[in-house]
Amino acid sequence: MANAKEELLPVLLADLDLSEPNYLAVKCPDCEEAYGFHIDGASVVNASGQKLRVESKNEDSSARLDVQLENDPHDAKTFRGRRHAVSLLGWCEHCHKDYTLTFEQVKGTTYFSKSSTDISPE
Ligand SMILES: [Zn+2]
């Protein structure tokens with residue numbers, strides 16, 4: 001049985017392209033496939049409930065950014081700390097899941113967490 005630390009390290013890097021230093025493929029946190037894992041957006045939420053979400057949609061000359069700003073105070077019990085959280089929003093072609101990879105600032109420490117939602121076609 002994997003310990004909690006191993007389960008909380010879902011961002012894995014593949015050695016697909018070693019021709020450029022510091023340019024590595026990101027693997028899916030569940031199936032670990034490097035081809036088919038997409039990160040298409042990001043969100044930032046602060047302790048007062050402001051939330052900015054940006055998603056890149058379409059490709060090539062039809063590529064567009066969808067930007068949403070919300071100002072809804074959230075439940076203090078669900079938001080830890082007094083600062084902010086930054087999330088990367090992605091999905092996997094193989095697992096059929098949406099992923100949220102979050103870096104959360106609580107006092108002097110940055111915490112990382114992963115959550116997923118099933119998006120399998122019914
Ligand atoms: Zn996957």
# chains A, B, ... in the order shown; residues from 1 in each chain; ligands from 1

call {"tool": "residues_around", "arguments": {"residues": "Ser43 of chain A", "least_positions_apart": "3", "cutoff": "10 Å", "atoms": "only C-alpha atoms", "output": "ChimeraX atom specification"}}
result
/A:51-55,67-69,85-89,100,102

call {"tool": "write_last_selection", "arguments": {"atoms": "N, CA and C atoms", "output": "mmCIF file, in the first residue's frame"}}
result
data_model
loop_
_atom_site.group_PDB
_atom_site.id
_atom_site.type_symbol
_atom_site.label_atom_id
_atom_site.label_comp_id
_atom_site.auth_asym_id
_atom_site.auth_seq_id
_atom_site.Cartn_x
_atom_site.Cartn_y
_atom_site.Cartn_z
ATOM 1 N N LYS A 51 -12.559 34.982 -7.658
ATOM 2 C CA LYS A 51 -12.049 33.847 -8.402
ATOM 3 C C LYS A 51 -11.920 34.224 -9.868
ATOM 4 N N LEU A 52 -10.725 34.058 -10.413
ATOM 5 C CA LEU A 52 -10.472 34.291 -11.829
ATOM 6 C C LEU A 52 -10.167 32.947 -12.477
ATOM 7 N N ARG A 53 -10.899 32.660 -13.563
ATOM 8 C CA ARG A 53 -10.720 31.390 -14.260
ATOM 9 C C ARG A 53 -10.481 31.697 -15.738
ATOM 10 N N VAL A 54 -9.426 31.148 -16.298
ATOM 11 C CA VAL A 54 -9.087 31.344 -17.706
ATOM 12 C C VAL A 54 -8.935 29.977 -18.348
ATOM 13 N N GLU A 55 -9.648 29.761 -19.463
ATOM 14 C CA GLU A 55 -9.527 28.499 -20.191
ATOM 15 C C GLU A 55 -9.249 28.797 -21.653
ATOM 16 N N VAL A 67 -12.565 33.914 -20.205
ATOM 17 C CA VAL A 67 -12.170 34.494 -18.921
ATOM 18 C C VAL A 67 -13.412 34.771 -18.084
ATOM 19 N N GLN A 68 -13.401 34.285 -16.835
ATOM 20 C CA GLN A 68 -14.528 34.511 -15.926
ATOM 21 C C GLN A 68 -13.997 35.050 -14.603
ATOM 22 N N LEU A 69 -14.664 36.086 -14.088
ATOM 23 C CA LEU A 69 -14.310 36.639 -12.785
ATOM 24 C C LEU A 69 -15.536 36.577 -11.895
ATOM 25 N N ALA A 85 -5.175 30.468 -3.664
ATOM 26 C CA ALA A 85 -4.866 29.164 -4.244
ATOM 27 C C ALA A 85 -4.814 29.327 -5.759
ATOM 28 N N VAL A 86 -3.848 28.681 -6.390
ATOM 29 C CA VAL A 86 -3.679 28.701 -7.841
ATOM 30 C C VAL A 86 -3.853 27.272 -8.340
ATOM 31 N N SER A 87 -4.749 27.078 -9.324
ATOM 32 C CA SER A 87 -5.011 25.734 -9.833
ATOM 33 C C SER A 87 -4.757 25.646 -11.324
ATOM 34 N N LEU A 88 -4.231 24.512 -11.755
ATOM 35 C CA LEU A 88 -4.125 24.168 -13.168
ATOM 36 C C LEU A 88 -5.290 23.248 -13.486
ATOM 37 N N LEU A 89 -5.987 23.521 -14.603
ATOM 38 C CA LEU A 89 -7.187 22.767 -14.965
ATOM 39 C C LEU A 89 -6.881 21.903 -16.178
ATOM 40 N N THR A 100 -7.999 18.937 -11.371
ATOM 41 C CA THR A 100 -7.634 20.229 -10.797
ATOM 42 C C THR A 100 -6.405 19.993 -9.929
ATOM 43 N N THR A 102 -3.879 21.867 -7.583
ATOM 44 C CA THR A 102 -3.936 23.126 -6.839
ATOM 45 C C THR A 102 -2.711 23.342 -5.952
#

call {"tool": "residues_around", "arguments": {"residues": "Gly36 of chain A", "least_positions_apart": "3", "cutoff": "9 Å", "atoms": "only C-alpha atoms", "output": "list in words"}}
result
Lys27, Cys28, Glu33, Trp91, Cys92, Glu93 and His94 of chain A

call {"tool": "atom_distance", "arguments": {"atom1": "atom CA of Pro29 of chain A", "atom2": "atom CA of His96 of chain A"}}
result
12.3 Å

call {"tool": "closest_residue", "arguments": {"among": "A:Ala42, A:Thr117, A:Ala34, A:Phe112", "to": "ligand 1", "atoms": "only C-alpha atoms and all ligand atoms"}}
result
A:Ala34

call {"tool": "closest_residue", "arguments": {"among": "A:Cys31, A:Ala63, A:Leu101, A:Val106", "to": "ligand 1", "atoms": "only C-alpha atoms and all ligand atoms"}}
result
A:Cys31

call {"tool": "closest_residue", "arguments": {"among": "A:Pro121, A:Gly90, A:Gly41, A:Pro21", "to": "ligand 1", "atoms": "only C-alpha atoms and all ligand atoms"}}
result
A:Gly90

call {"tool": "residues_around", "arguments": {"residues": "His84 of chain A", "least_positions_apart": "4", "cutoff": "10 Å", "atoms": "only C-alpha atoms", "output": "PyMOL selection string"}}
result
chain A and resi 44-51+79-80+103-106+110

call {"tool": "closest_residue", "arguments": {"among": "A:Ser113, A:Ser120, A:Asp40, A:Tyr99", "to": "Ser56 of chain A", "atoms": "only C-alpha atoms"}}
result
A:Asp40

call {"tool": "closest_residue", "arguments": {"among": "A:Lys57, A:Lys97, A:Arg64, A:Arg83", "to": "Ile119 of chain A", "atoms": "only C-alpha atoms"}}
result
A:Lys97

call {"tool": "atom_distance", "arguments": {"atom1": "atom CA of Leu65 of chain A", "atom2": "atom CA of Phe37 of chain A"}}
result
19.3 Å

call {"tool": "select_by_dssp", "arguments": {"residues": "segment 6-122 of chain A", "states": "strand (DSSP E or B)", "output": "number ranges by chain"}}
result
A: 12-14, 25-27, 37-46, 50-57, 64-71, 84-92, 97-106, 109-118

call {"tool": "closest_residue", "arguments": {"among": "A:Leu24, A:Ser61, A:Pro73, A:Asp98", "to": "ligand 1", "atoms": "only C-alpha atoms and all ligand atoms"}}
result
A:Asp98

call {"tool": "decode", "arguments": {"residues": "segment 31-60 of chain A", "atoms": "N, CA and C atoms", "output": "CSV table (one decimal), in the first residue's frame"}}
result
chain,number,residue,atom,x,y,z
A,31,CYS,N,-3.3,7.6,-15.0
A,31,CYS,CA,-2.8,6.5,-15.9
A,31,CYS,C,-1.4,6.7,-16.3
A,32,GLU,N,-0.8,7.8,-16.0
A,32,GLU,CA,0.6,8.1,-16.3
A,32,GLU,C,1.0,8.2,-17.8
A,33,GLU,N,0.0,8.3,-18.6
A,33,GLU,CA,0.3,8.5,-20.1
A,33,GLU,C,0.7,9.9,-20.3
A,34,ALA,N,1.8,10.1,-21.1
A,34,ALA,CA,2.2,11.5,-21.4
A,34,ALA,C,1.5,12.0,-22.6
A,35,TYR,N,1.0,11.1,-23.5
A,35,TYR,CA,0.2,11.6,-24.6
A,35,TYR,C,-1.2,11.5,-24.3
A,36,GLY,N,-2.0,12.6,-24.4
A,36,GLY,CA,-3.4,12.6,-24.1
A,36,GLY,C,-3.8,13.3,-22.8
A,37,PHE,N,-2.8,13.8,-22.1
A,37,PHE,CA,-3.1,14.6,-20.9
A,37,PHE,C,-3.0,16.1,-21.3
A,38,HIS,N,-4.0,16.9,-21.0
A,38,HIS,CA,-4.1,18.3,-21.4
A,38,HIS,C,-4.3,19.2,-20.2
A,39,ILE,N,-3.6,20.3,-20.2
A,39,ILE,CA,-3.8,21.4,-19.2
A,39,ILE,C,-4.2,22.6,-20.1
A,40,ASP,N,-5.5,23.0,-19.9
A,40,ASP,CA,-6.1,24.0,-20.8
A,40,ASP,C,-6.5,25.3,-20.1
A,41,GLY,N,-6.3,25.3,-18.7
A,41,GLY,CA,-6.7,26.5,-18.0
A,41,GLY,C,-6.1,26.6,-16.7
A,42,ALA,N,-6.5,27.7,-16.0
A,42,ALA,CA,-5.9,28.0,-14.7
A,42,ALA,C,-7.0,28.8,-13.9
A,43,SER,N,-6.9,28.7,-12.6
A,43,SER,CA,-7.8,29.6,-11.8
A,43,SER,C,-7.0,30.1,-10.6
A,44,VAL,N,-7.4,31.3,-10.1
A,44,VAL,CA,-6.8,31.8,-8.9
A,44,VAL,C,-8.0,32.2,-8.0
A,45,VAL,N,-8.0,31.8,-6.8
A,45,VAL,CA,-9.0,32.2,-5.8
A,45,VAL,C,-8.4,32.7,-4.6
A,46,ASN,N,-8.9,33.8,-4.1
A,46,ASN,CA,-8.4,34.4,-2.8
A,46,ASN,C,-9.3,34.2,-1.7
A,47,ALA,N,-8.8,34.6,-0.5
A,47,ALA,CA,-9.5,34.3,0.7
A,47,ALA,C,-10.8,35.1,0.9
A,48,SER,N,-11.0,36.2,0.1
A,48,SER,CA,-12.3,36.9,0.2
A,48,SER,C,-13.3,36.4,-0.8
A,49,GLY,N,-12.9,35.4,-1.7
A,49,GLY,CA,-13.9,34.8,-2.6
A,49,GLY,C,-13.8,35.2,-4.0
A,50,GLN,N,-12.9,36.1,-4.3
A,50,GLN,CA,-12.7,36.5,-5.7
A,50,GLN,C,-12.1,35.3,-6.4
A,51,LYS,N,-12.6,35.0,-7.7
A,51,LYS,CA,-12.0,33.8,-8.4
A,51,LYS,C,-11.9,34.2,-9.9
A,52,LEU,N,-10.7,34.1,-10.4
A,52,LEU,CA,-10.5,34.3,-11.8
A,52,LEU,C,-10.2,32.9,-12.5
A,53,ARG,N,-10.9,32.7,-13.6
A,53,ARG,CA,-10.7,31.4,-14.3
A,53,ARG,C,-10.5,31.7,-15.7
A,54,VAL,N,-9.4,31.1,-16.3
A,54,VAL,CA,-9.1,31.3,-17.7
A,54,VAL,C,-8.9,30.0,-18.3
A,55,GLU,N,-9.6,29.8,-19.5
A,55,GLU,CA,-9.5,28.5,-20.2
A,55,GLU,C,-9.2,28.8,-21.7
A,56,SER,N,-8.3,28.1,-22.2
A,56,SER,CA,-8.0,28.2,-23.6
A,56,SER,C,-8.9,27.2,-24.4
A,57,LYS,N,-9.6,27.7,-25.4
A,57,LYS,CA,-10.5,26.8,-26.2
A,57,LYS,C,-10.1,26.8,-27.7
A,58,ASN,N,-10.4,25.8,-28.4
A,58,ASN,CA,-10.1,25.6,-29.8
A,58,ASN,C,-8.6,25.7,-30.1
A,59,GLU,N,-8.3,25.7,-31.4
A,59,GLU,CA,-6.9,25.6,-31.8
A,59,GLU,C,-6.6,26.5,-33.0
A,60,ASP,N,-5.3,26.7,-33.2
A,60,ASP,CA,-4.8,27.5,-34.3
A,60,ASP,C,-5.5,28.9,-34.4
